[in-house]
Structure formats: C-alpha cells, structure tokens
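Enquirer: For reference, the file target.csv (CSV, C-alpha atoms and all ligand atoms) is included below:
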chain,number,residue,atom,x,y,z
A,4,MET,CA,0.5,-23.6,-23.5
A,5,ARG,CA,-1.0,-27.0,-22.7
A,6,ASN,CA,-0.1,-29.5,-25.4
A,7,PRO,CA,-2.2,-32.6,-25.5
A,8,ALA,CA,0.2,-34.2,-28.0
A,9,GLN,CA,3.1,-33.9,-25.6
A,10,GLY,CA,5.0,-37.1,-25.1
A,11,GLU,CA,4.2,-38.5,-28.5
A,12,SER,CA,7.4,-39.3,-30.5
A,13,SER,CA,6.2,-39.1,-34.1
A,14,PRO,CA,9.0,-37.3,-36.0
A,15,PRO,CA,7.1,-34.4,-37.7
A,16,PRO,CA,5.8,-32.0,-35.1
A,17,GLN,CA,2.2,-32.9,-34.8
A,18,ARG,CA,-0.4,-30.1,-34.7
A,19,PRO,CA,-2.4,-30.3,-31.5
A,20,PRO,CA,-5.9,-31.7,-32.2
A,21,SER,CA,-8.3,-28.8,-32.5
A,22,ALA,CA,-11.8,-28.0,-33.7
A,23,GLY,CA,-10.4,-25.6,-36.4
A,24,PRO,CA,-10.1,-24.2,-38.8
A,25,LYS,CA,-12.9,-21.8,-38.2
A,26,THR,CA,-14.7,-19.3,-40.4
A,27,MET,CA,-15.4,-15.6,-40.1
A,28,THR,CA,-19.0,-16.5,-39.2
A,29,ASP,CA,-17.7,-18.5,-36.2
A,30,LEU,CA,-15.6,-15.5,-35.2
A,31,LEU,CA,-18.7,-13.2,-35.3
A,32,ALA,CA,-20.5,-15.6,-32.9
A,33,LEU,CA,-17.8,-15.3,-30.2
A,34,ALA,CA,-18.3,-13.4,-27.0
A,35,ASP,CA,-17.0,-9.8,-27.0
A,36,PRO,CA,-13.5,-10.3,-25.3
A,37,GLU,CA,-12.6,-13.2,-27.5
A,38,ARG,CA,-13.9,-11.6,-30.7
A,39,SER,CA,-12.1,-8.4,-30.1
A,40,LEU,CA,-8.8,-10.2,-29.3
A,41,LEU,CA,-9.2,-12.2,-32.5
A,42,ASN,CA,-10.1,-9.2,-34.6
A,43,TRP,CA,-6.9,-7.5,-33.4
A,44,LEU,CA,-4.9,-10.7,-34.1
A,45,VAL,CA,-6.4,-11.0,-37.7
A,46,ARG,CA,-5.1,-7.5,-38.4
A,47,GLN,CA,-1.7,-8.2,-36.7
A,48,ARG,CA,-1.5,-11.5,-38.5
A,49,ARG,CA,0.5,-13.0,-35.7
A,50,ALA,CA,1.3,-12.3,-32.1
A,51,SER,CA,2.8,-13.8,-29.0
A,52,LEU,CA,1.1,-14.2,-25.7
A,53,ALA,CA,3.2,-11.3,-24.4
A,54,ASP,CA,1.9,-9.1,-27.3
A,55,MET,CA,-1.7,-10.1,-26.5
A,56,ILE,CA,-1.2,-9.3,-22.8
A,57,ALA,CA,0.3,-5.9,-23.8
A,58,HIS,CA,-2.6,-5.2,-26.2
A,59,THR,CA,-5.5,-6.1,-24.0
A,60,GLN,CA,-3.9,-4.8,-20.8
A,61,ALA,CA,-5.8,-7.5,-19.0
A,62,ASP,CA,-4.6,-9.8,-16.3
A,63,PRO,CA,-2.0,-12.2,-17.8
A,64,ALA,CA,-3.7,-15.2,-16.3
A,65,ALA,CA,-7.0,-14.2,-17.9
A,66,VAL,CA,-5.4,-13.6,-21.3
A,67,GLN,CA,-3.6,-17.0,-21.0
A,68,ALA,CA,-7.0,-18.7,-20.2
A,69,MET,CA,-8.6,-16.9,-23.2
A,70,VAL,CA,-5.8,-17.9,-25.5
A,71,ASP,CA,-6.0,-21.5,-24.3
A,72,GLY,CA,-9.8,-21.5,-24.9
A,73,LEU,CA,-9.3,-20.1,-28.4
A,74,ILE,CA,-6.7,-22.8,-29.2
A,75,ARG,CA,-8.9,-25.5,-27.8
A,76,ASP,CA,-11.8,-24.3,-30.0
A,77,GLY,CA,-9.7,-24.2,-33.1
A,78,PHE,CA,-9.5,-20.4,-33.6
A,79,LEU,CA,-5.8,-20.1,-32.9
A,80,ILE,CA,-2.8,-22.1,-33.7
A,81,PRO,CA,0.9,-21.7,-32.8
A,82,LEU,CA,3.1,-20.9,-35.8
A,83,GLU,CA,5.5,-23.6,-37.0
A,84,GLU,CA,8.6,-22.1,-35.2
A,85,GLY,CA,6.5,-21.9,-32.0
A,86,ALA,CA,5.5,-25.5,-32.2
A,87,ARG,CA,9.0,-26.7,-31.4
A,88,VAL,CA,9.2,-24.6,-28.3
A,89,GLU,CA,5.8,-25.9,-27.3
A,90,GLY,CA,7.0,-29.5,-27.4
A,91,THR,CA,9.5,-28.8,-24.6
A,92,GLY,CA,6.6,-28.1,-22.2
A,93,VAL,CA,8.0,-24.7,-21.5
A,94,GLU,CA,5.4,-22.0,-21.5
A,95,ASP,CA,7.3,-19.6,-23.6
A,96,SER,CA,5.7,-16.2,-24.1
A,97,ARG,CA,7.6,-15.7,-27.3
A,98,VAL,CA,5.6,-18.4,-29.1
A,99,MET,CA,3.8,-16.8,-31.9
A,100,PHE,CA,0.1,-17.5,-32.6
A,101,LYS,CA,-1.9,-17.0,-35.7
A,102,PRO,CA,-5.7,-17.1,-36.4
A,103,ASN,CA,-6.8,-20.4,-37.8
A,104,LEU,CA,-9.5,-19.1,-40.1
A,105,LEU,CA,-10.6,-20.4,-43.5
A,106,SER,CA,-12.6,-18.3,-46.0
A,107,ARG,CA,-15.3,-21.0,-45.9
A,108,LYS,CA,-15.9,-24.5,-44.7
A,109,PRO,CA,-15.1,-27.0,-47.5
A,110,ARG,CA,-18.0,-28.6,-49.4
A,111,THR,CA,-20.8,-26.2,-48.6
A,112,VAL,CA,-22.3,-26.5,-52.1
A,113,PRO,CA,-23.5,-29.7,-53.7
A,114,ASP,CA,-20.4,-31.5,-55.1
A,115,GLN,CA,-21.8,-32.5,-58.4
A,116,ILE,CA,-22.2,-28.9,-59.5
A,117,TRP,CA,-18.5,-28.2,-58.9
A,118,LYS,CA,-17.5,-31.6,-60.5
A,119,ALA,CA,-19.3,-30.6,-63.6
A,120,LEU,CA,-17.1,-27.5,-63.9
A,121,ASP,CA,-13.7,-29.0,-63.0
B,15,MET,CA,1.3,3.9,-43.2
B,16,THR,CA,-0.4,2.1,-46.1
B,17,GLN,CA,-4.1,2.1,-45.9
B,18,VAL,CA,-6.1,-1.0,-46.7
B,19,ILE,CA,-9.5,0.0,-47.9
B,20,SER,CA,-12.3,-2.5,-48.7
B,21,ILE,CA,-15.2,-1.5,-50.8
B,22,HIS,CA,-18.6,-3.1,-50.1
B,23,SER,CA,-22.2,-3.1,-51.1
B,24,PHE,CA,-25.0,-5.2,-49.9
B,25,ARG,CA,-26.4,-5.8,-53.4
B,26,GLY,CA,-24.8,-6.2,-56.8
B,27,GLY,CA,-24.9,-3.6,-59.5
B,28,THR,CA,-24.5,-0.7,-57.0
B,29,GLY,CA,-21.4,0.6,-58.9
B,30,LYS,CA,-18.8,-0.9,-56.6
B,31,SER,CA,-16.3,-1.8,-59.3
B,32,ASN,CA,-16.7,1.4,-61.2
B,33,LEU,CA,-16.3,3.6,-58.1
B,34,THR,CA,-13.3,1.5,-56.9
B,35,ALA,CA,-11.5,1.9,-60.2
B,36,ASN,CA,-12.3,5.6,-60.5
B,37,ILE,CA,-11.3,6.5,-56.9
B,38,ALA,CA,-8.2,4.3,-57.0
B,39,THR,CA,-7.1,5.9,-60.3
B,40,ALA,CA,-7.9,9.4,-58.9
B,41,ILE,CA,-5.6,8.7,-55.9
B,42,ALA,CA,-2.9,7.5,-58.2
B,43,SER,CA,-3.2,10.7,-60.2
B,44,GLN,CA,-2.0,12.4,-57.1
B,45,GLY,CA,1.3,10.6,-57.4
B,46,LYS,CA,0.4,7.7,-55.1
B,47,ARG,CA,1.1,4.0,-55.6
B,48,VAL,CA,-2.2,2.1,-55.5
B,49,ALA,CA,-3.2,-1.6,-55.9
B,50,ILE,CA,-6.7,-3.0,-56.4
B,51,VAL,CA,-7.3,-6.6,-55.5
B,52,ASP,CA,-10.3,-8.2,-57.1
B,53,THR,CA,-11.5,-10.5,-54.3
B,54,ASP,CA,-14.9,-10.9,-56.0
B,55,ILE,CA,-13.9,-14.4,-56.8
B,56,GLN,CA,-17.4,-15.5,-57.8
B,57,SER,CA,-18.0,-12.7,-60.2
B,58,PRO,CA,-14.8,-10.9,-61.1
B,59,GLY,CA,-15.0,-7.9,-63.3
B,60,ILE,CA,-13.0,-4.8,-62.4
B,61,HIS,CA,-10.2,-5.7,-64.9
B,62,VAL,CA,-12.6,-4.8,-67.7
B,63,LEU,CA,-12.6,-1.2,-66.6
B,64,PHE,CA,-8.8,-1.1,-67.2
B,65,GLY,CA,-9.2,-2.6,-70.6
B,66,LEU,CA,-7.8,-6.0,-69.7
B,67,ASP,CA,-9.2,-9.3,-70.8
B,68,GLU,CA,-8.4,-12.8,-69.7
B,69,ASP,CA,-5.5,-13.2,-72.2
B,70,ASP,CA,-3.7,-10.2,-70.7
B,71,PHE,CA,-2.9,-11.9,-67.5
B,72,THR,CA,-1.2,-15.2,-66.8
B,73,HIS,CA,-1.6,-15.1,-63.0
B,74,SER,CA,-4.5,-14.3,-60.8
B,75,LEU,CA,-5.3,-14.1,-57.1
B,76,ASN,CA,-6.4,-17.7,-57.3
B,77,ASP,CA,-2.8,-18.8,-58.3
B,78,TYR,CA,-1.4,-16.9,-55.3
B,79,LEU,CA,-3.9,-18.6,-53.0
B,80,TRP,CA,-2.9,-22.0,-54.4
B,81,ASP,CA,0.8,-21.2,-54.0
B,82,LYS,CA,1.5,-21.2,-57.7
B,83,CYS,CA,2.9,-17.7,-57.7
B,84,SER,CA,3.8,-14.8,-55.4
B,85,ALA,CA,1.3,-12.1,-54.8
B,86,LYS,CA,3.5,-9.7,-56.8
B,87,ASP,CA,3.5,-12.1,-59.8
B,88,ALA,CA,-0.3,-11.6,-59.9
B,89,ALA,CA,-0.1,-7.8,-59.8
B,90,TYR,CA,-0.3,-6.1,-63.2
B,91,ASP,CA,0.7,-2.5,-63.7
B,92,VAL,CA,-2.4,-1.1,-65.5
B,93,THR,CA,-1.3,2.6,-65.3
B,94,THR,CA,-0.5,2.7,-69.0
B,95,HIS,CA,-3.7,0.9,-70.0
B,96,VAL,CA,-6.0,3.6,-68.9
B,97,THR,CA,-7.0,6.0,-71.6
B,98,THR,CA,-8.9,9.3,-72.1
B,99,ALA,CA,-12.0,9.7,-74.3
B,100,SER,CA,-9.8,10.2,-77.3
B,101,GLY,CA,-8.1,6.8,-76.7
B,102,SER,CA,-4.7,8.3,-75.9
B,103,PRO,CA,-3.0,7.1,-72.7
B,104,ALA,CA,-3.9,9.0,-69.6
B,105,GLN,CA,-1.1,10.8,-67.8
B,106,ILE,CA,-1.1,9.4,-64.3
B,107,SER,CA,1.8,10.5,-62.1
B,108,GLY,CA,1.4,7.6,-59.7
B,109,THR,CA,0.9,3.9,-60.4
B,110,VAL,CA,-2.1,1.6,-60.4
B,111,TYR,CA,-1.7,-2.2,-60.0
B,112,LEU,CA,-4.4,-4.7,-60.4
B,113,VAL,CA,-4.6,-8.2,-59.0
B,114,PRO,CA,-7.3,-9.9,-61.1
B,115,SER,CA,-9.3,-12.9,-60.0
B,116,SER,CA,-9.5,-15.9,-62.3
B,117,LEU,CA,-12.2,-16.0,-65.0
B,118,LYS,CA,-11.9,-19.8,-65.5
B,119,ALA,CA,-15.0,-21.6,-64.4
B,120,GLY,CA,-13.1,-24.5,-62.9
B,121,GLU,CA,-10.8,-22.2,-60.9
B,122,ILE,CA,-13.7,-20.2,-59.6
B,123,ALA,CA,-15.4,-23.4,-58.6
B,124,LYS,CA,-12.3,-24.8,-56.9
B,125,ILE,CA,-11.8,-21.8,-54.7
B,126,LEU,CA,-15.4,-21.6,-53.7
B,127,ARG,CA,-15.4,-25.3,-52.9
B,128,GLU,CA,-12.2,-25.5,-51.0
B,129,GLY,CA,-11.9,-22.1,-49.5
B,130,TYR,CA,-8.6,-20.6,-48.6
B,131,ASP,CA,-6.7,-19.6,-45.5
B,132,VAL,CA,-7.5,-16.1,-44.2
B,133,GLY,CA,-3.9,-15.6,-43.1
B,134,LEU,CA,-2.6,-16.4,-46.5
B,135,LEU,CA,-4.7,-13.7,-48.2
B,136,ASN,CA,-3.7,-11.2,-45.6
B,137,ASP,CA,0.0,-12.2,-45.9
B,138,GLY,CA,-0.4,-11.7,-49.7
B,139,PHE,CA,-1.8,-8.2,-49.1
B,140,HIS,CA,1.2,-7.3,-47.0
B,141,ASP,CA,3.6,-8.8,-49.5
B,142,LEU,CA,2.0,-6.5,-52.1
B,143,ILE,CA,2.3,-3.5,-49.8
B,144,ASP,CA,5.9,-4.1,-49.1
B,145,GLN,CA,7.2,-5.3,-52.5
B,146,LEU,CA,5.2,-2.7,-54.5
B,147,ASP,CA,5.8,0.0,-52.0
B,148,LEU,CA,2.1,0.8,-51.9
B,149,ASP,CA,0.3,3.8,-50.4
B,150,TYR,CA,-3.2,2.3,-50.8
B,151,LEU,CA,-4.6,-1.1,-51.3
B,152,PHE,CA,-8.2,-1.4,-52.4
B,153,ILE,CA,-10.2,-4.5,-52.1
B,154,ASP,CA,-13.1,-4.9,-54.5
B,155,THR,CA,-15.5,-7.5,-52.9
B,156,HIS,CA,-18.4,-9.7,-53.8
B,157,PRO,CA,-21.7,-8.0,-52.8
B,158,GLY,CA,-23.6,-9.0,-49.7
B,159,LEU,CA,-22.5,-10.6,-46.5
B,160,ASN,CA,-20.6,-13.8,-47.0
B,161,GLU,CA,-17.4,-15.3,-45.6
B,162,GLU,CA,-15.2,-13.6,-48.1
B,163,THR,CA,-16.6,-10.1,-47.4
B,164,LEU,CA,-16.4,-10.6,-43.7
B,165,LEU,CA,-12.8,-11.4,-44.1
B,166,SER,CA,-12.0,-8.4,-46.2
B,167,ILE,CA,-13.8,-6.2,-43.6
B,168,ALA,CA,-11.8,-7.8,-40.9
B,169,ILE,CA,-8.4,-7.0,-42.4
B,170,SER,CA,-9.0,-3.5,-43.6
B,171,ASP,CA,-8.2,-0.2,-42.0
B,172,ARG,CA,-11.2,1.5,-43.6
B,173,MET,CA,-14.4,0.3,-45.1
B,174,VAL,CA,-16.4,2.1,-47.8
B,175,ILE,CA,-20.0,1.0,-48.2
B,176,ILE,CA,-21.8,1.9,-51.4
B,177,LEU,CA,-25.5,2.1,-51.4
B,178,ARG,CA,-28.3,3.3,-53.7
B,179,PRO,CA,-31.2,5.3,-52.4
B,180,ASP,CA,-33.3,2.2,-52.4
B,181,ARG,CA,-35.1,0.5,-49.5
B,182,GLN,CA,-33.4,-2.9,-50.0
B,183,ASP,CA,-30.0,-1.2,-50.1
B,184,PHE,CA,-30.9,0.7,-46.9
B,185,LEU,CA,-31.8,-2.4,-45.0
B,186,GLY,CA,-28.8,-4.3,-46.2
B,187,THR,CA,-26.5,-1.5,-45.3
B,188,ALA,CA,-27.8,-1.4,-41.7
B,189,VAL,CA,-26.9,-5.1,-41.4
B,190,THR,CA,-23.5,-4.6,-42.9
B,191,LEU,CA,-22.7,-1.8,-40.5
B,192,GLU,CA,-23.7,-3.9,-37.6
B,193,VAL,CA,-21.3,-6.6,-38.7
B,194,ALA,CA,-18.5,-4.0,-39.4
B,195,GLN,CA,-18.9,-2.8,-35.8
B,196,LYS,CA,-18.5,-6.3,-34.5
B,197,LEU,CA,-15.3,-6.7,-36.5
B,198,ASP,CA,-13.9,-3.5,-35.1
B,199,VAL,CA,-13.4,-1.7,-38.4
B,200,PRO,CA,-11.6,1.5,-37.5
B,201,ASP,CA,-13.2,3.8,-40.1
B,202,ILE,CA,-16.4,3.6,-42.1
B,203,THR,CA,-17.5,5.8,-45.0
B,204,LEU,CA,-20.7,5.6,-47.0
B,205,LEU,CA,-21.0,6.5,-50.6
B,206,VAL,CA,-24.4,7.0,-52.2
B,207,ASN,CA,-24.5,6.1,-55.9
B,208,LYS,CA,-27.2,6.1,-58.6
B,209,ALA,CA,-29.2,8.8,-56.9
B,210,PRO,CA,-32.1,10.0,-59.1
B,211,ASP,CA,-31.7,13.7,-59.9
B,212,ILE,CA,-35.0,14.5,-58.3
B,213,TYR,CA,-33.3,14.2,-54.9
B,214,PRO,CA,-31.5,17.4,-53.7
B,215,ARG,CA,-28.0,16.6,-52.6
B,216,GLU,CA,-28.1,17.9,-49.1
B,217,THR,CA,-31.4,16.3,-48.2
B,218,LEU,CA,-30.2,12.9,-49.3
B,219,ILE,CA,-26.9,13.1,-47.5
B,220,ASP,CA,-28.6,14.3,-44.4
B,221,ARG,CA,-31.1,11.5,-44.5
B,222,VAL,CA,-28.5,8.8,-44.9
B,223,GLN,CA,-26.2,10.2,-42.3
B,224,THR,CA,-29.0,10.5,-39.8
B,225,GLN,CA,-30.2,7.0,-40.5
B,226,TYR,CA,-26.8,5.3,-39.9
B,227,GLY,CA,-24.8,7.7,-37.8
B,228,VAL,CA,-21.9,7.2,-40.3
B,229,PRO,CA,-20.5,10.0,-42.5
B,230,VAL,CA,-21.4,10.1,-46.2
B,231,GLY,CA,-18.2,10.7,-48.1
B,232,GLY,CA,-19.8,11.3,-51.5
B,233,LEU,CA,-23.0,11.3,-53.5
B,234,PHE,CA,-23.2,10.3,-57.1
B,235,TYR,CA,-26.1,10.8,-59.4
B,236,GLU,CA,-27.3,8.3,-61.9
B,237,ASN,CA,-26.2,9.6,-65.3
B,238,ASP,CA,-26.4,8.7,-69.0
B,239,GLU,CA,-22.7,9.2,-69.7
B,240,MET,CA,-21.9,6.4,-67.2
B,241,LEU,CA,-24.5,4.1,-68.8
B,242,GLN,CA,-23.0,4.8,-72.2
B,243,LEU,CA,-19.5,4.2,-71.1
B,244,ALA,CA,-20.8,0.8,-69.9
B,245,SER,CA,-17.7,0.0,-67.8
B,246,GLY,CA,-15.6,0.6,-70.9
B,247,GLY,CA,-13.1,2.8,-69.1
B,248,ILE,CA,-12.3,5.0,-66.1
B,249,PHE,CA,-15.2,7.5,-66.1
B,250,TRP,CA,-13.4,10.6,-64.8
B,251,LEU,CA,-10.7,10.3,-67.5
B,252,HIS,CA,-13.3,10.2,-70.2
B,253,HIS,CA,-15.5,13.0,-68.7
B,254,PRO,CA,-13.1,15.1,-66.6
B,255,ASP,CA,-15.6,18.0,-66.1
B,256,HIS,CA,-18.6,15.9,-65.3
B,257,SER,CA,-20.1,16.3,-61.8
B,258,PHE,CA,-19.6,12.6,-61.2
B,259,SER,CA,-15.9,13.0,-61.8
B,260,GLN,CA,-15.6,16.0,-59.5
B,261,GLU,CA,-17.2,13.9,-56.8
B,262,VAL,CA,-14.7,11.1,-57.5
B,263,HIS,CA,-11.9,13.5,-56.8
B,264,THR,CA,-13.6,14.8,-53.6
B,265,VAL,CA,-13.7,11.2,-52.3
B,266,ALA,CA,-10.1,10.6,-53.3
B,267,GLN,CA,-9.2,13.8,-51.5
B,268,LEU,CA,-11.0,12.6,-48.4
B,269,LEU,CA,-9.1,9.3,-48.4
B,270,LEU,CA,-5.9,11.1,-49.0
B,271,GLY,CA,-6.6,13.4,-46.1
B,272,ALA,CA,-7.0,10.5,-43.8
B,273,GLU,CA,-3.4,9.3,-44.5
C,301,LIG,N1,-23.9,6.8,-61.2
C,301,LIG,C1,-24.2,5.9,-62.2
C,301,LIG,N2,-25.0,6.2,-63.2
C,301,LIG,C2,-25.3,5.4,-64.2
C,301,LIG,N3,-24.9,4.1,-64.3
C,301,LIG,C3,-24.0,3.7,-63.3
C,301,LIG,C4,-23.6,4.6,-62.2
C,301,LIG,N4,-22.8,3.9,-61.4
C,301,LIG,C5,-22.6,2.6,-62.0
C,301,LIG,N5,-23.4,2.5,-63.1
C,301,LIG,C6,-23.5,1.3,-64.0
C,301,LIG,O1,-24.0,0.3,-63.2
C,301,LIG,C7,-23.5,-1.0,-63.6
C,301,LIG,C8,-22.9,-1.8,-62.5
C,301,LIG,O2,-21.8,-1.2,-62.0
C,301,LIG,P1,-20.6,-2.0,-61.3
C,301,LIG,O3,-19.5,-1.0,-61.0
C,301,LIG,O4,-20.2,-3.2,-62.1
C,301,LIG,O5,-21.4,-2.5,-60.0
C,301,LIG,P2,-21.0,-3.6,-58.9
C,301,LIG,O6,-19.5,-3.8,-59.0
C,301,LIG,O7,-21.5,-3.0,-57.6
C,301,LIG,O8,-21.8,-4.8,-59.3
C,301,LIG,C9,-22.5,-0.7,-64.7
C,301,LIG,O9,-23.1,-0.9,-66.0
C,301,LIG,C10,-22.2,0.8,-64.5
C,301,LIG,O10,-21.9,1.4,-65.7
C,302,MG,MG,-18.3,-5.5,-59.2
Let's see the structure in the file written out as structure tokens.

Expert:
Amino acid sequence: MRNPAQGESSPPPQRPPSAGPKTMTDLLALADPERSLLNWLVRQRRASLADMIAHTQADPAAVQAMVDGLIRDGFLIPLEEGARVEGTGVEDSRVMFKPNLLSRKPRTVPDQIWKALD
Amino acid sequence: MTQVISIHSFRGGTGKSNLTANIATAIASQGKRVAIVDTDIQSPGIHVLFGLDEDDFTHSLNDYLWDKCSAKDAAYDVTTHVTTASGSPAQISGTVYLVPSSLKAGEIAKILREGYDVGLLNDGFHDLIDQLDLDYLFIDTHPGLNEETLLSIAISDRMVIILRPDRQDFLGTAVTLEVAQKLDVPDITLLVNKAPDIYPRETLIDRVQTQYGVPVGGLFYENDEMLQLASGGIFWLHHPDHSFSQEVHTVAQLLLGAE
C-alpha cells in the first residue's frame, strides 16, 4: 500500500490522512465493483488484500488499485497490526483492512436540541 | 452457521417489534438459542414485550458502543420473563436474550449526535454469537431508510421486511428492496401484517409477490386480541390457538428450514 505518512518519525503510528470515515449512504453511491467489494468486506469485518483477490477473482493489480482508491477515499483503513508492516514500505498482502464506516456523520442535527437533552 | 436476521419496515407501527419478539420466541421454543438486539436507538421498545422496564437493565447497546461494557454484559436472558395468558412462566426449551437500547434521553441524543463505528456494532454482534453460542440473532430496527437501517441490512444474512396492505407501505417497500439489492442481502422475505379480513389470503399473497418478485413468508390479519394485548406480552403464548399464532410458527419454521 502507498503510505503518504511514510518517513515521518512521530512515535505513535499515524493513520494515513483520508477522507473517512464514510457512511452507509456514501457506500450506496459507489460504483458496482467498489460497492460489492465493500459489501463483502462489511460482512467479513476484515480481510487482507490476498483475501480480496481470492474473493473477487479479479486481476490482482486491479484489486490493488481498487483497494488503494477505497483507502484514499476513506472507505478502508488498515487495522492497527497492519499499520506497523505498512510503515516498512513493504507491500504485505497479509495486512488486514477494515471498512471505515460510521453510522452517521457527526452533528447532522442542530446542536442546541441535543445540548438541551444532555 | 448462526443466522443474522434484520427486521425492517418502511413506516412505523407496522408490527415490527411484535412480530420480531413473537418469531424469535417461537424459534427459541424449538430449542434454539436466540438473541434480539434493539437497534432502534431513536425509539426503543421491544423490551416492553418481554415485561422489562428501564430499571431491569443496567447496561444497554449504547454502553457497548461507548466501550463501557462488553456486548454480553448488555444481553439479558428474558426466557423466564415471558408468560402465558394465566401469568405463569412459559415453558421455552431454548433461550431468548435481549440487548436493549437505552431509554435515557441524553444517551439517545448522544448516540444520534455522534454516531458509532459500524465495525464496532458488527464486532459486538459476533461477540454475542460466539459467547452466547447463538443460533439466531435478530435485529429490530428503526423504521424507514436511514444510516442505521442501511447498516443492519448490510451486516445481515437475511432481511425480513414487514408491510401493511397500504399504498404508502407498498411504495416504501419498493425503495427498501432496491437498497437491499444494492447491499447484496443474500435472502429477503416479506411479511404482510395488519391485513383487513376482507382480503382473501391467497389473493393478497399473490398480489404482493407479483409486485415485488420476492417471496411472502407470512400473512397476518389485523385482530382485536392483538390490540387488547397492546404489546403486553408475546402474543402466541397468550393465544396459542389463534390464527396469528399459527402463522408465527409457520414463519419460524421457514426460518428454521433455511438453517
Ligand atoms: N396483526 C395485528 N393486529 C392488530 N394490532 C396489531 C397487529 N400487529 C401489531 N399490532 C399493534 O400495532 C402496534 C404497533 O406494533 P409494533 O410492533 O410496536 O410496531 P413497530 O415496531 O413496527 O412500530 C401495537 O400496538 C401492536 O399491538
Ligand atoms: Mg418497534
């Protein structure tokens, strides 16, 4: 996986900057191949690139590109254990990924209503 | 394999909570281990059918989502709570667990405001399945299409959609089905509830199946006994010989057969 944060030496492993987390509505708006991969991943909860290649039975380079795109757009993130391997710059197919989905985007309802109830 | 079944309706008041509680209990009466998770965070209510009130539970789904307890800590064994019409405990050979949703206004507000991680909820479901050794996990959802219902559709093996023979329900169900297909739900079953008794059974089932191209797993007529019970218990245990109860067991059998 490409890691834009590579080379930085801050001690806690930094999450790569991404546009996520996303919501289920965002997922619905994806193109068929991405959506169907993510649907599968949501049910699996986590999977490696190798798992995704085995599941889709698509060309590994194409799956890699799709995964890269989903990471860039904030739909996927590597799991904590995976993050370490990623820092080495080695493209390790054992790195596990999980969907980066939130039940809803925070603060979608006027704040004062909620404050009144807190 | 444990089946995760989410129960939906496009509009409220369709009978979702009542049917979920009845079907889940019917499956447990066949010796199965069943859990119901109340993901209707905005308007929780299914605990009432099991005779529970707020004081009966110290943990809720909300606590799990805020990492205050494990999923199992929020699961209450309600098997001994369910009673027959005479008030005596029902003899259920299996087990029913309930994971209630918080009834505290502030906690409802907090979760709606902040949201929660989809993976966390799904991990919690799997913890329940493993630790309680479940055969079935039912998800009672908030009506309509919103982020939370999309999520429960996305993580289930089977989806049950409840509709009334009403034009608004019909239109909403079409939309729900479209979304379910986009989320690759493996199995979809429709249940028709609150049918007025002027409609003959076969005609109505036929009409709904043709309209959606999805099987109707059960048809329930609107009835006075249900209105009188007013969510005060599990209907089939109170009225074991009622046609509604027989239909509950038919649907339970259908779900058991798909195991
Ligand atoms: N077949 C039926 N006949 C009569 N009343 C029903 C029937 N099904 C459900 N009800 C009633 O409808 C109301 C709403 O049911 P509920 O299960 O809470 O719906 P939901 O969870 O979809 O909002 C309850 O008062 C319940 O007793
Ligand atoms: Mg309800």

Enquirer: Up to 12 Å from chain A, what residues of chain B turn up? Count all atoms listed in the file and give them as a ChimeraX atom specification.

Expert: /B:18,53,55,79,118-140,159-171,192-200

Enquirer: Pick out the residues no farther than 8 Å from ligand MG 302 (chain C), counting only C-alpha atoms and all ligand atoms, and list them as a PyMOL selection string.

Expert: chain B and resi 26-27+29-32+54+57-60+154-157

Enquirer: Adding 4 Å on each side of the box along x, y and z that holds all listed atoms of ligand LIG 301 (chain C), could you give its centre and edge lengths in Å to one decimal, as lines of an AutoDock Vina configuration file?

Expert:
center_x = -22.4
center_y = 1.0
center_z = -61.8
size_x = 13.8
size_y = 19.6
size_z = 16.4

Enquirer: When distances are computed from all atoms listed in the file, which of B:Asp255, B:Asp211, B:Asp70, B:Glu216 shows the smallest separation from ligand LIG 301 (chain C)?

Expert: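 Closest to ligand LIG 301 (chain C), using all atoms listed in the file: B:Asp211.
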
Enquirer: Counting only C-alpha atoms and all ligand atoms, what are the residues, protein, DNA or RNA alike, that approach ligand LIG 301 (chain C) to within 10 Å? I want them as an MDAnalysis selection string.

Expert: chainID B and resid 21:36 54 57:60 62:63 154:157 176:178 206:210 233:247 249 258

Enquirer: Considering only C-alpha atoms, can you say which of A:Ala22, A:Val98, A:Leu40, A:Leu82 comes closest to Ala61 in chain A?

Expert: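 Closest candidate: A:Leu40.
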
Enquirer: So what do you get for CA of His58 in chain A versus CA of Gly77 in chain A, distance-wise?

Expert: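 Interatomic distance here is 21.4 Å.
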
Enquirer: Given all atoms listed in the file as the basis, pick out the residue of B:Leu66, B:Ala89, B:Leu205, B:Tyr213 nearest to Glu261 in chain B.

Expert: B:Leu205

Enquirer: Restricting the calculation to only C-alpha atoms: of B:Pro254, B:Ile248, B:Ala188, B:Tyr78, which residue gets closest to Val222 in chain B?

Expert: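 The answer is B:Ala188, which sits nearest to Val222 in chain B.
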
Enquirer: Which value, in Å to one decimal, gives the distance between CA of Asp67 in chain B and CA of Gln105 in chain B?

Expert: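 Those two atoms sit 21.9 Å apart.
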
Enquirer: For CA of His73 in chain B and CA of Asp87 in chain B, quote the distance in Å rounded to one decimal.

Expert: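 Atom-to-atom, CA of His73 in chain B and CA of Asp87 in chain B are spaced 6.7 Å apart.
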